[in-house]
$ cat start.cif   # mmCIF, C-alpha atoms, pLDDT in the B column; chains and numbers go by the auth columns
data_start
loop_
_atom_site.group_PDB
_atom_site.id
_atom_site.type_symbol
_atom_site.label_atom_id
_atom_site.label_comp_id
_atom_site.label_asym_id
_atom_site.label_seq_id
_atom_site.Cartn_x
_atom_site.Cartn_y
_atom_site.Cartn_z
_atom_site.B_iso_or_equiv
_atom_site.auth_seq_id
_atom_site.auth_asym_id
ATOM 1 C CA MET A 1 81.333 105.548 69.921 77.00 1 U
ATOM 2 C CA VAL A 2 84.317 104.758 72.086 86.00 2 U
ATOM 3 C CA THR A 3 87.310 107.070 71.919 92.00 3 U
ATOM 4 C CA LEU A 4 90.467 105.647 73.429 95.00 4 U
ATOM 5 C CA ASP A 5 92.933 107.858 75.255 95.00 5 U
ATOM 6 C CA PHE A 6 96.094 107.313 73.239 96.00 6 U
ATOM 7 C CA GLU A 7 97.716 110.475 74.580 92.00 7 U
ATOM 8 C CA LYS A 8 98.419 109.316 78.113 89.00 8 U
ATOM 9 C CA SER A 9 101.097 106.862 76.985 88.00 9 U
ATOM 10 C CA ASN A 10 102.550 108.613 73.953 90.00 10 U
ATOM 11 C CA GLY A 11 100.194 107.295 71.328 95.00 11 U
ATOM 12 C CA ILE A 12 99.646 103.749 72.570 96.00 12 U
ATOM 13 C CA VAL A 13 97.374 101.867 74.971 97.00 13 U
ATOM 14 C CA PRO A 14 98.090 98.512 76.595 97.00 14 U
ATOM 15 C CA ALA A 15 95.948 95.639 75.337 98.00 15 U
ATOM 16 C CA ILE A 16 95.424 92.737 77.701 97.00 16 U
ATOM 17 C CA VAL A 17 94.787 89.533 75.792 97.00 17 U
ATOM 18 C CA GLN A 18 92.677 86.883 77.462 97.00 18 U
ATOM 19 C CA ASP A 19 91.586 83.505 76.110 95.00 19 U
ATOM 20 C CA TYR A 20 87.825 83.842 75.722 96.00 20 U
ATOM 21 C CA LYS A 21 87.170 80.309 76.952 95.00 21 U
ATOM 22 C CA SER A 22 89.710 79.579 79.672 93.00 22 U
ATOM 23 C CA GLY A 23 90.007 83.150 80.945 95.00 23 U
ATOM 24 C CA ARG A 24 93.773 82.769 80.981 94.00 24 U
ATOM 25 C CA VAL A 25 95.684 85.995 80.390 96.00 25 U
ATOM 26 C CA LEU A 26 97.884 85.261 77.385 94.00 26 U
ATOM 27 C CA MET A 27 99.897 88.409 76.839 94.00 27 U
ATOM 28 C CA VAL A 28 100.112 92.155 77.093 96.00 28 U
ATOM 29 C CA ALA A 29 100.704 94.125 73.912 96.00 29 U
ATOM 30 C CA TYR A 30 100.181 97.697 72.749 97.00 30 U
ATOM 31 C CA MET A 31 97.991 99.350 70.147 98.00 31 U
ATOM 32 C CA ASN A 32 98.278 102.700 68.472 98.00 32 U
ATOM 33 C CA ALA A 33 95.261 104.232 66.738 97.00 33 U
ATOM 34 C CA HIS A 34 96.033 102.432 63.474 97.00 34 U
ATOM 35 C CA ALA A 35 96.334 99.011 65.139 98.00 35 U
ATOM 36 C CA TRP A 36 93.058 99.695 66.948 96.00 36 U
ATOM 37 C CA ASP A 37 91.300 100.547 63.672 95.00 37 U
ATOM 38 C CA LEU A 38 92.710 97.453 61.948 96.00 38 U
ATOM 39 C CA THR A 39 91.578 95.259 64.844 96.00 39 U
ATOM 40 C CA LEU A 40 88.039 96.643 64.698 95.00 40 U
ATOM 41 C CA GLN A 41 87.905 96.369 60.903 94.00 41 U
ATOM 42 C CA THR A 42 89.318 92.849 60.534 96.00 42 U
ATOM 43 C CA GLY A 43 88.279 91.169 63.792 96.00 43 U
ATOM 44 C CA GLU A 44 91.861 89.944 64.178 97.00 44 U
ATOM 45 C CA ALA A 45 94.268 91.398 66.738 98.00 45 U
ATOM 46 C CA HIS A 46 96.734 93.949 65.425 98.00 46 U
ATOM 47 C CA TYR A 47 99.284 95.608 67.687 98.00 47 U
ATOM 48 C CA TRP A 48 102.003 98.216 67.578 97.00 48 U
ATOM 49 C CA SER A 49 105.425 96.671 68.043 95.00 49 U
ATOM 50 C CA ARG A 50 107.395 99.044 70.230 92.00 50 U
ATOM 51 C CA SER A 51 110.701 97.349 69.409 90.00 51 U
ATOM 52 C CA ARG A 52 110.219 97.083 65.635 93.00 52 U
ATOM 53 C CA ARG A 53 108.188 100.286 65.458 95.00 53 U
ATOM 54 C CA GLU A 54 105.657 98.822 63.062 97.00 54 U
ATOM 55 C CA ILE A 55 102.133 97.428 62.930 98.00 55 U
ATOM 56 C CA TRP A 56 102.142 93.805 63.956 96.00 56 U
ATOM 57 C CA HIS A 57 99.366 91.529 62.723 97.00 57 U
ATOM 58 C CA LYS A 58 99.588 88.913 65.461 95.00 58 U
ATOM 59 C CA GLY A 59 100.161 85.446 63.991 93.00 59 U
ATOM 60 C CA GLU A 60 101.036 86.591 60.477 92.00 60 U
ATOM 61 C CA THR A 61 104.374 84.744 60.670 88.00 61 U
ATOM 62 C CA SER A 62 103.644 82.038 63.237 86.00 62 U
ATOM 63 C CA GLY A 63 100.053 81.271 62.258 89.00 63 U
ATOM 64 C CA ASN A 64 98.919 81.954 65.818 90.00 64 U
ATOM 65 C CA ILE A 65 96.296 84.499 64.823 95.00 65 U
ATOM 66 C CA GLN A 66 93.959 85.910 67.474 96.00 66 U
ATOM 67 C CA ILE A 67 90.286 86.142 66.488 97.00 67 U
ATOM 68 C CA VAL A 68 88.662 88.870 68.575 97.00 68 U
ATOM 69 C CA LYS A 69 85.488 87.675 70.308 97.00 69 U
ATOM 70 C CA GLU A 70 84.911 90.613 72.660 97.00 70 U
ATOM 71 C CA ILE A 71 86.539 93.946 73.379 97.00 71 U
ATOM 72 C CA PHE A 72 86.364 95.953 76.597 97.00 72 U
ATOM 73 C CA ALA A 73 87.738 99.373 77.469 96.00 73 U
ATOM 74 C CA ASP A 74 88.558 100.355 81.024 94.00 74 U
ATOM 75 C CA CYS A 75 87.105 103.210 83.040 93.00 75 U
ATOM 76 C CA ASP A 76 89.654 105.762 81.822 92.00 76 U
ATOM 77 C CA HIS A 77 89.637 104.499 78.219 95.00 77 U
ATOM 78 C CA ASP A 78 93.398 104.095 78.402 95.00 78 U
ATOM 79 C CA ALA A 79 93.579 100.289 78.442 96.00 79 U
ATOM 80 C CA ILE A 80 91.687 97.581 76.603 97.00 80 U
ATOM 81 C CA LEU A 81 90.942 93.930 77.107 97.00 81 U
ATOM 82 C CA LEU A 82 90.604 91.586 74.140 98.00 82 U
ATOM 83 C CA LYS A 83 88.933 88.239 74.597 97.00 83 U
ATOM 84 C CA VAL A 84 90.298 86.122 71.780 97.00 84 U
ATOM 85 C CA LYS A 85 90.075 82.737 70.188 96.00 85 U
ATOM 86 C CA ARG A 86 93.498 81.544 69.161 92.00 86 U
ATOM 87 C CA GLN A 87 94.020 80.050 65.735 91.00 87 U
ATOM 88 C CA GLY A 88 97.148 78.163 66.830 83.00 88 U
ATOM 89 C CA ASP A 89 98.394 76.846 70.134 81.00 89 U
ATOM 90 C CA ALA A 90 100.855 79.521 71.161 78.00 90 U
ATOM 91 C CA ALA A 91 100.673 83.193 72.008 78.00 91 U
ATOM 92 C CA CYS A 92 104.313 83.802 72.916 88.00 92 U
ATOM 93 C CA HIS A 93 107.195 84.517 70.556 86.00 93 U
ATOM 94 C CA LEU A 94 109.311 82.218 72.734 89.00 94 U
ATOM 95 C CA GLY A 95 107.039 79.305 71.781 88.00 95 U
ATOM 96 C CA TYR A 96 105.025 79.029 74.984 90.00 96 U
ATOM 97 C CA GLU A 97 101.253 78.822 75.136 86.00 97 U
ATOM 98 C CA ASN A 98 101.186 82.244 76.686 89.00 98 U
ATOM 99 C CA CYS A 99 103.637 85.024 77.426 92.00 99 U
ATOM 100 C CA ILE A 100 102.816 85.165 81.093 92.00 100 U
ATOM 101 C CA HIS A 101 104.623 81.977 82.024 93.00 101 U
ATOM 102 C CA ASN A 102 106.995 83.105 84.772 94.00 102 U
ATOM 103 C CA ARG A 103 105.566 82.572 88.220 95.00 103 U
ATOM 104 C CA VAL A 104 107.270 84.756 90.800 95.00 104 U
ATOM 105 C CA GLU A 105 107.765 82.779 94.006 91.00 105 U
ATOM 106 C CA LYS A 106 107.763 84.248 97.524 84.00 106 U
ATOM 107 C CA ASN A 107 111.554 84.477 97.508 84.00 107 U
ATOM 108 C CA GLY A 108 111.535 86.281 94.160 85.00 108 U
ATOM 109 C CA ASP A 109 112.686 83.273 92.128 91.00 109 U
ATOM 110 C CA ILE A 110 110.937 82.388 88.886 93.00 110 U
ATOM 111 C CA THR A 111 109.269 79.099 88.015 94.00 111 U
ATOM 112 C CA ILE A 112 108.381 78.620 84.356 93.00 112 U
ATOM 113 C CA ILE A 113 104.808 77.379 83.969 91.00 113 U
ATOM 114 C CA GLY A 114 103.847 75.512 80.805 84.00 114 U
ATOM 115 C CA GLU A 115 105.811 73.846 78.081 84.00 115 U
ATOM 116 C CA ARG A 116 107.250 75.121 74.857 88.00 116 U
ATOM 117 C CA ILE A 117 104.868 74.399 72.003 87.00 117 U
ATOM 118 C CA PHE A 118 107.193 75.452 69.194 86.00 118 U
ATOM 119 C CA ASP A 119 110.825 76.260 68.644 87.00 119 U
ATOM 120 C CA PRO A 120 111.077 79.977 67.841 89.00 120 U
ATOM 121 C CA GLU A 121 114.240 79.465 65.781 86.00 121 U
ATOM 122 C CA ARG A 122 112.344 77.285 63.344 85.00 122 U
ATOM 123 C CA VAL A 123 109.346 79.586 63.093 83.00 123 U
ATOM 124 C CA TYR A 124 111.051 82.952 62.980 83.00 124 U
ATOM 125 C CA GLY A 125 114.462 81.873 61.701 79.00 125 U
ATOM 126 C CA LYS A 126 116.239 83.658 64.519 56.00 126 U
ATOM 127 C CA MET B 1 115.543 86.244 91.351 77.00 1 Q
ATOM 128 C CA VAL B 2 113.289 88.065 88.915 86.00 2 Q
ATOM 129 C CA THR B 3 114.436 91.419 87.595 92.00 3 Q
ATOM 130 C CA LEU B 4 111.721 93.439 85.922 95.00 4 Q
ATOM 131 C CA ASP B 5 112.465 95.641 82.936 95.00 5 Q
ATOM 132 C CA PHE B 6 111.389 99.048 84.212 96.00 6 Q
ATOM 133 C CA GLU B 7 113.421 100.869 81.567 92.00 7 Q
ATOM 134 C CA LYS B 8 111.276 100.071 78.533 89.00 8 Q
ATOM 135 C CA SER B 9 108.410 102.286 79.728 88.00 9 Q
ATOM 136 C CA ASN B 10 110.245 105.024 81.590 90.00 10 Q
ATOM 137 C CA GLY B 11 110.437 103.392 84.989 95.00 11 Q
ATOM 138 C CA ILE B 12 107.099 101.603 85.134 96.00 12 Q
ATOM 139 C CA VAL B 13 105.579 98.281 84.088 97.00 13 Q
ATOM 140 C CA PRO B 14 101.889 97.554 83.524 97.00 14 Q
ATOM 141 C CA ALA B 15 100.300 95.297 86.130 98.00 15 Q
ATOM 142 C CA ILE B 16 97.262 93.317 85.047 97.00 16 Q
ATOM 143 C CA VAL B 17 95.024 92.553 87.995 97.00 17 Q
ATOM 144 C CA GLN B 18 92.919 89.413 87.829 97.00 18 Q
ATOM 145 C CA ASP B 19 90.530 88.015 90.441 95.00 19 Q
ATOM 146 C CA TYR B 20 92.208 84.804 91.585 96.00 20 Q
ATOM 147 C CA LYS B 21 88.930 82.902 91.763 95.00 21 Q
ATOM 148 C CA SER B 22 86.740 84.146 88.920 93.00 22 Q
ATOM 149 C CA GLY B 23 89.592 84.892 86.504 95.00 23 Q
ATOM 150 C CA ARG B 24 87.976 88.235 85.709 94.00 24 Q
ATOM 151 C CA VAL B 25 90.405 90.981 84.725 96.00 25 Q
ATOM 152 C CA LEU B 26 89.706 93.770 87.198 94.00 26 Q
ATOM 153 C CA MET B 27 92.024 96.573 86.184 94.00 27 Q
ATOM 154 C CA VAL B 28 95.307 97.627 84.682 96.00 28 Q
ATOM 155 C CA ALA B 29 97.660 99.704 86.800 96.00 29 Q
ATOM 156 C CA TYR B 30 101.366 100.507 86.815 97.00 30 Q
ATOM 157 C CA MET B 31 104.222 99.776 89.182 98.00 31 Q
ATOM 158 C CA ASN B 32 107.570 101.434 89.543 98.00 32 Q
ATOM 159 C CA ALA B 33 110.403 99.633 91.361 97.00 33 Q
ATOM 160 C CA HIS B 34 109.280 100.964 94.742 97.00 34 Q
ATOM 161 C CA ALA B 35 105.661 99.828 94.271 98.00 35 Q
ATOM 162 C CA TRP B 36 106.961 96.420 93.166 96.00 36 Q
ATOM 163 C CA ASP B 37 109.110 96.120 96.308 95.00 37 Q
ATOM 164 C CA LEU B 38 106.218 97.185 98.556 96.00 38 Q
ATOM 165 C CA THR B 39 103.915 94.657 96.900 96.00 39 Q
ATOM 166 C CA LEU B 40 106.405 91.823 97.430 95.00 40 Q
ATOM 167 C CA GLN B 41 107.104 92.873 101.014 94.00 41 Q
ATOM 168 C CA THR B 42 103.525 93.400 102.161 96.00 42 Q
ATOM 169 C CA GLY B 43 101.552 90.956 99.990 96.00 43 Q
ATOM 170 C CA GLU B 44 99.141 93.798 99.179 97.00 44 Q
ATOM 171 C CA ALA B 45 99.041 95.504 95.799 98.00 45 Q
ATOM 172 C CA HIS B 46 100.859 98.830 95.568 98.00 46 Q
ATOM 173 C CA TYR B 47 100.964 100.819 92.349 98.00 47 Q
ATOM 174 C CA TRP B 48 102.452 103.998 90.945 97.00 48 Q
ATOM 175 C CA SER B 49 99.778 106.563 90.217 95.00 49 Q
ATOM 176 C CA ARG B 50 100.766 108.239 86.969 92.00 50 Q
ATOM 177 C CA SER B 51 98.306 111.105 87.483 90.00 51 Q
ATOM 178 C CA ARG B 52 99.114 111.829 91.135 93.00 52 Q
ATOM 179 C CA ARG B 53 102.772 110.832 90.742 95.00 53 Q
ATOM 180 C CA GLU B 54 102.850 108.951 94.019 97.00 54 Q
ATOM 181 C CA ILE B 55 102.791 105.442 95.430 98.00 55 Q
ATOM 182 C CA TRP B 56 99.246 104.186 95.658 96.00 56 Q
ATOM 183 C CA HIS B 57 98.394 101.492 98.207 97.00 57 Q
ATOM 184 C CA LYS B 58 95.286 100.156 96.497 95.00 58 Q
ATOM 185 C CA GLY B 59 92.297 100.270 98.842 93.00 59 Q
ATOM 186 C CA GLU B 60 93.876 102.523 101.464 92.00 60 Q
ATOM 187 C CA THR B 61 91.021 105.030 101.102 88.00 61 Q
ATOM 188 C CA SER B 62 88.195 102.836 99.804 86.00 62 Q
ATOM 189 C CA GLY B 63 88.949 99.695 101.803 89.00 63 Q
ATOM 190 C CA ASN B 64 89.109 97.677 98.601 90.00 64 Q
ATOM 191 C CA ILE B 65 92.543 96.240 99.314 95.00 65 Q
ATOM 192 C CA GLN B 66 93.983 93.601 96.983 96.00 66 Q
ATOM 193 C CA ILE B 67 95.659 90.649 98.691 97.00 67 Q
ATOM 194 C CA VAL B 68 98.189 89.166 96.283 97.00 68 Q
ATOM 195 C CA LYS B 69 97.761 85.416 95.838 97.00 69 Q
ATOM 196 C CA GLU B 70 100.070 84.848 92.862 97.00 70 Q
ATOM 197 C CA ILE B 71 102.389 86.939 90.715 97.00 71 Q
ATOM 198 C CA PHE B 72 103.514 86.227 87.170 97.00 72 Q
ATOM 199 C CA ALA B 73 105.963 88.051 84.930 96.00 73 Q
ATOM 200 C CA ASP B 74 105.730 87.880 81.162 94.00 74 Q
ATOM 201 C CA CYS B 75 108.352 86.615 78.723 92.00 75 Q
ATOM 202 C CA ASP B 76 110.100 89.968 78.411 92.00 76 Q
ATOM 203 C CA HIS B 77 109.813 90.839 82.107 95.00 77 Q
ATOM 204 C CA ASP B 78 108.143 94.098 81.180 95.00 78 Q
ATOM 205 C CA ALA B 79 104.591 93.296 82.340 96.00 79 Q
ATOM 206 C CA ILE B 80 103.213 91.492 85.352 97.00 80 Q
ATOM 207 C CA LEU B 81 100.016 89.720 86.270 97.00 81 Q
ATOM 208 C CA LEU B 82 98.697 89.800 89.839 98.00 82 Q
ATOM 209 C CA LYS B 83 96.104 87.281 90.907 97.00 83 Q
ATOM 210 C CA VAL B 84 94.392 88.925 93.851 97.00 84 Q
ATOM 211 C CA LYS B 85 91.756 88.386 96.473 96.00 85 Q
ATOM 212 C CA ARG B 86 89.758 91.526 96.994 92.00 86 Q
ATOM 213 C CA GLN B 87 89.033 92.753 100.483 91.00 87 Q
ATOM 214 C CA GLY B 88 85.998 94.774 99.349 83.00 88 Q
ATOM 215 C CA ASP B 89 83.613 94.480 96.455 81.00 89 Q
ATOM 216 C CA ALA B 90 84.979 97.049 94.042 78.00 90 Q
ATOM 217 C CA ALA B 91 88.182 97.550 92.113 78.00 91 Q
ATOM 218 C CA CYS B 92 87.286 100.708 90.224 88.00 92 Q
ATOM 219 C CA HIS B 93 87.536 104.293 91.468 87.00 93 Q
ATOM 220 C CA LEU B 94 84.210 104.925 89.718 89.00 94 Q
ATOM 221 C CA GLY B 95 82.549 102.433 92.088 88.00 95 Q
ATOM 222 C CA TYR B 96 82.206 99.491 89.714 91.00 96 Q
ATOM 223 C CA GLU B 97 83.246 95.952 90.551 86.00 97 Q
ATOM 224 C CA ASN B 98 86.035 96.238 88.046 89.00 98 Q
ATOM 225 C CA CYS B 99 87.555 98.945 85.870 92.00 99 Q
ATOM 226 C CA ILE B 100 87.079 97.033 82.660 92.00 100 Q
ATOM 227 C CA HIS B 101 83.351 97.568 82.433 93.00 101 Q
ATOM 228 C CA ASN B 102 82.915 99.122 78.988 94.00 102 Q
ATOM 229 C CA ARG B 103 82.092 96.554 76.337 95.00 103 Q
ATOM 230 C CA VAL B 104 82.895 97.818 72.863 95.00 104 Q
ATOM 231 C CA GLU B 105 80.175 96.736 70.455 91.00 105 Q
ATOM 232 C CA LYS B 106 80.694 95.954 66.758 84.00 106 Q
ATOM 233 C CA ASN B 107 79.603 99.470 65.797 84.00 107 Q
ATOM 234 C CA GLY B 108 82.049 101.011 68.280 85.00 108 Q
ATOM 235 C CA ASP B 109 79.409 101.937 70.854 91.00 109 Q
ATOM 236 C CA ILE B 110 79.962 101.189 74.522 94.00 110 Q
ATOM 237 C CA THR B 111 77.726 99.139 76.783 94.00 111 Q
ATOM 238 C CA ILE B 112 78.456 99.400 80.494 93.00 112 Q
ATOM 239 C CA ILE B 113 78.634 95.964 82.092 91.00 113 Q
ATOM 240 C CA GLY B 114 78.011 95.626 85.815 84.00 114 Q
ATOM 241 C CA GLU B 115 76.482 97.878 88.409 85.00 115 Q
ATOM 242 C CA ARG B 116 77.940 100.552 90.589 89.00 116 Q
ATOM 243 C CA ILE B 117 78.750 99.151 94.014 87.00 117 Q
ATOM 244 C CA PHE B 118 79.611 102.456 95.680 87.00 118 Q
ATOM 245 C CA ASP B 119 79.240 106.137 95.041 88.00 119 Q
ATOM 246 C CA PRO B 120 82.719 107.584 94.486 89.00 120 Q
ATOM 247 C CA GLU B 121 81.673 111.008 95.773 87.00 121 Q
ATOM 248 C CA ARG B 122 80.899 109.520 99.169 85.00 122 Q
ATOM 249 C CA VAL B 123 84.073 107.466 99.374 83.00 123 Q
ATOM 250 C CA TYR B 124 86.590 109.893 97.955 83.00 124 Q
ATOM 251 C CA GLY B 125 84.752 113.141 98.671 79.00 125 Q
ATOM 252 C CA LYS B 126 85.136 114.268 95.075 57.00 126 Q
#
$ encode --input "start.cif" --output "structure tokens"
Amino acid sequence: MVTLDFEKSNGIVPAIVQDYKSGRVLMVAYMNAHAWDLTLQTGEAHYWSRSRREIWHKGETSGNIQIVKEIFADCDHDAILLKVKRQGDAACHLGYENCIHNRVEKNGDITIIGERIFDPERVYGK
Amino acid sequence: MVTLDFEKSNGIVPAIVQDYKSGRVLMVAYMNAHAWDLTLQTGEAHYWSRSRREIWHKGETSGNIQIVKEIFADCDHDAILLKVKRQGDAACHLGYENCIHNRVEKNGDITIIGERIFDPERVYGK
């Protein structure tokens, strides 16, 4: 039975989220022990929101739920990789397909890769 | 010019390391501002070792240097993705091809994926 090392980072571990088909890295989020248990129990990704300080069932508001296909833990058991199937088209709260959409160029400038799939103001009412 | 948010996690950001060809996620490490600068300047991955509390030029001891092909920052600028070309065969200090080699099964058990490429005792003298 795997035991994750939640102590090293004050009760959380980073969770790398990768599309199980394309291999694209979609986002980085964090889990505490409760989010980890919920993810294992439900098969849907649950995280710990560091800003809101609450459990975050990914996609509950936006519909962009992540169905967990495979889970990996790293050598030190202090990071995990989720291979997921997305229910919707977007992973990012800004409306992009994935959160990792800023390519850093040689000169340090950023180029945004990918298009906005939804307008976050409409979905989240912000 | 990209400015990373090092404040959210006490001076570091997680760096997801992905093989630029296979798309396999190799490891998760951390960078502080100095490691980030060194990575941009040299084109080789530098991290901050949280356990040793020092800059860690990946591969300096083992030869498994990571040549940075592309860098991405996420939506909040508090996580980065490095697409790398590996100089050697292994990414993991335990001698495996990558650090993320523990598959978590439905019952919570772990299956180790991949074979050991080197013996860490020989390389690191531990």
$ resolve_selection --input "start.cif" --expression "the PyMOL selection byres ((chain Q and resi 34) around 9)" --output "number ranges by chain"
Q: 31-33, 35-39, 46-48, 55
$ resolve_selection --input "start.cif" --expression "the PyMOL selection byres ((chain Q) within 9 of (chain U))" --output "NGL selection string"
:Q and (1-3 or 14 or 16 or 18 or 22-25 or 27-28 or 40 or 70-77 or 79-81 or 92-94 or 98-110)
$ atom_distance --input "start.cif" --atom1 "CA of Lys85 in chain Q" --atom2 "CA of Glu44 in chain Q"
9.5 Å
$ calpha_fit_and_write --input "start.cif" --fixed "chain U" --moving "chain Q" --output "compact mmCIF listing (two decimals) with C-alpha atoms, in the coordinates of the input"
# COMPACT_ATOMS: atom_id res chain seq x y z
CA MET Q 1 81.33 105.54 69.91
CA VAL Q 2 84.33 104.74 72.08
CA THR Q 3 87.31 107.06 71.91
CA LEU Q 4 90.47 105.64 73.43
CA ASP Q 5 92.93 107.85 75.26
CA PHE Q 6 96.09 107.31 73.23
CA GLU Q 7 97.70 110.49 74.58
CA LYS Q 8 98.42 109.32 78.12
CA SER Q 9 101.12 106.88 76.98
CA ASN Q 10 102.55 108.63 73.95
CA GLY Q 11 100.19 107.28 71.33
CA ILE Q 12 99.65 103.74 72.58
CA VAL Q 13 97.38 101.87 74.98
CA PRO Q 14 98.10 98.51 76.61
CA ALA Q 15 95.96 95.64 75.34
CA ILE Q 16 95.43 92.73 77.70
CA VAL Q 17 94.79 89.53 75.79
CA GLN Q 18 92.68 86.88 77.47
CA ASP Q 19 91.59 83.50 76.10
CA TYR Q 20 87.83 83.85 75.71
CA LYS Q 21 87.16 80.32 76.95
CA SER Q 22 89.70 79.57 79.66
CA GLY Q 23 90.00 83.14 80.95
CA ARG Q 24 93.78 82.77 80.97
CA VAL Q 25 95.69 86.00 80.39
CA LEU Q 26 97.88 85.25 77.38
CA MET Q 27 99.89 88.40 76.84
CA VAL Q 28 100.11 92.15 77.09
CA ALA Q 29 100.70 94.12 73.92
CA TYR Q 30 100.18 97.70 72.76
CA MET Q 31 97.99 99.34 70.15
CA ASN Q 32 98.28 102.69 68.49
CA ALA Q 33 95.26 104.22 66.74
CA HIS Q 34 96.04 102.43 63.48
CA ALA Q 35 96.34 99.00 65.14
CA TRP Q 36 93.06 99.69 66.96
CA ASP Q 37 91.31 100.55 63.67
CA LEU Q 38 92.72 97.45 61.95
CA THR Q 39 91.59 95.25 64.84
CA LEU Q 40 88.04 96.64 64.69
CA GLN Q 41 87.91 96.37 60.91
CA THR Q 42 89.32 92.86 60.54
CA GLY Q 43 88.28 91.16 63.79
CA GLU Q 44 91.87 89.94 64.17
CA ALA Q 45 94.27 91.39 66.73
CA HIS Q 46 96.74 93.95 65.42
CA TYR Q 47 99.28 95.60 67.69
CA TRP Q 48 102.01 98.22 67.58
CA SER Q 49 105.42 96.66 68.04
CA ARG Q 50 107.39 99.04 70.23
CA SER Q 51 110.71 97.36 69.41
CA ARG Q 52 110.22 97.08 65.64
CA ARG Q 53 108.18 100.29 65.46
CA GLU Q 54 105.65 98.82 63.05
CA ILE Q 55 102.14 97.42 62.93
CA TRP Q 56 102.14 93.80 63.97
CA HIS Q 57 99.36 91.52 62.72
CA LYS Q 58 99.60 88.91 65.46
CA GLY Q 59 100.15 85.45 63.99
CA GLU Q 60 101.05 86.59 60.48
CA THR Q 61 104.38 84.74 60.67
CA SER Q 62 103.64 82.04 63.25
CA GLY Q 63 100.05 81.28 62.27
CA ASN Q 64 98.92 81.97 65.82
CA ILE Q 65 96.29 84.50 64.82
CA GLN Q 66 93.95 85.91 67.47
CA ILE Q 67 90.29 86.14 66.48
CA VAL Q 68 88.66 88.86 68.57
CA LYS Q 69 85.50 87.67 70.30
CA GLU Q 70 84.91 90.60 72.66
CA ILE Q 71 86.55 93.94 73.39
CA PHE Q 72 86.36 95.95 76.60
CA ALA Q 73 87.73 99.37 77.47
CA ASP Q 74 88.56 100.34 81.02
CA CYS Q 75 87.10 103.21 83.04
CA ASP Q 76 89.64 105.75 81.82
CA HIS Q 77 89.65 104.50 78.22
CA ASP Q 78 93.40 104.10 78.40
CA ALA Q 79 93.59 100.28 78.44
CA ILE Q 80 91.69 97.59 76.61
CA LEU Q 81 90.94 93.93 77.11
CA LEU Q 82 90.61 91.58 74.13
CA LYS Q 83 88.93 88.24 74.59
CA VAL Q 84 90.30 86.13 71.77
CA LYS Q 85 90.08 82.74 70.18
CA ARG Q 86 93.49 81.54 69.15
CA GLN Q 87 94.02 80.05 65.73
CA GLY Q 88 97.15 78.16 66.82
CA ASP Q 89 98.37 76.86 70.13
CA ALA Q 90 100.83 79.54 71.18
CA ALA Q 91 100.67 83.21 72.01
CA CYS Q 92 104.29 83.81 72.92
CA HIS Q 93 107.18 84.53 70.55
CA LEU Q 94 109.29 82.23 72.74
CA GLY Q 95 107.02 79.32 71.78
CA TYR Q 96 105.02 79.04 74.99
CA GLU Q 97 101.25 78.82 75.14
CA ASN Q 98 101.16 82.25 76.67
CA CYS Q 99 103.64 85.03 77.42
CA ILE Q 100 102.82 85.16 81.09
CA HIS Q 101 104.62 81.98 82.01
CA ASN Q 102 107.00 83.10 84.76
CA ARG Q 103 105.57 82.57 88.22
CA VAL Q 104 107.28 84.75 90.79
CA GLU Q 105 107.78 82.79 93.99
CA LYS Q 106 107.78 84.27 97.51
CA ASN Q 107 111.58 84.48 97.49
CA GLY Q 108 111.56 86.28 94.14
CA ASP Q 109 112.68 83.27 92.11
CA ILE Q 110 110.94 82.39 88.87
CA THR Q 111 109.29 79.09 88.00
CA ILE Q 112 108.40 78.61 84.35
CA ILE Q 113 104.83 77.39 83.97
CA GLY Q 114 103.84 75.52 80.82
CA GLU Q 115 105.79 73.84 78.08
CA ARG Q 116 107.21 75.13 74.86
CA ILE Q 117 104.85 74.40 71.99
CA PHE Q 118 107.17 75.47 69.18
CA ASP Q 119 110.80 76.27 68.65
CA PRO Q 120 111.08 79.98 67.86
CA GLU Q 121 114.25 79.47 65.81
CA ARG Q 122 112.34 77.28 63.38
CA VAL Q 123 109.35 79.59 63.11
CA TYR Q 124 111.05 82.96 63.01
CA GLY Q 125 114.46 81.87 61.73
CA LYS Q 126 116.21 83.67 64.56
$ resolve_selection --input "start.cif" --expression "the PyMOL selection byres ((chain Q and resi 89) around 10)" --output "list in words"
Gly63, Asn64, Ile65, Arg86, Gln87, Gly88, Ala90, Ala91, Cys92, Gly95, Tyr96, Glu97, Asn98, Ile117 and Phe118 of chain Q
$ atom_distance --input "start.cif" --atom1 "CA of Val123 in chain Q" --atom2 "CA of Glu7 in chain U"
28.5 Å
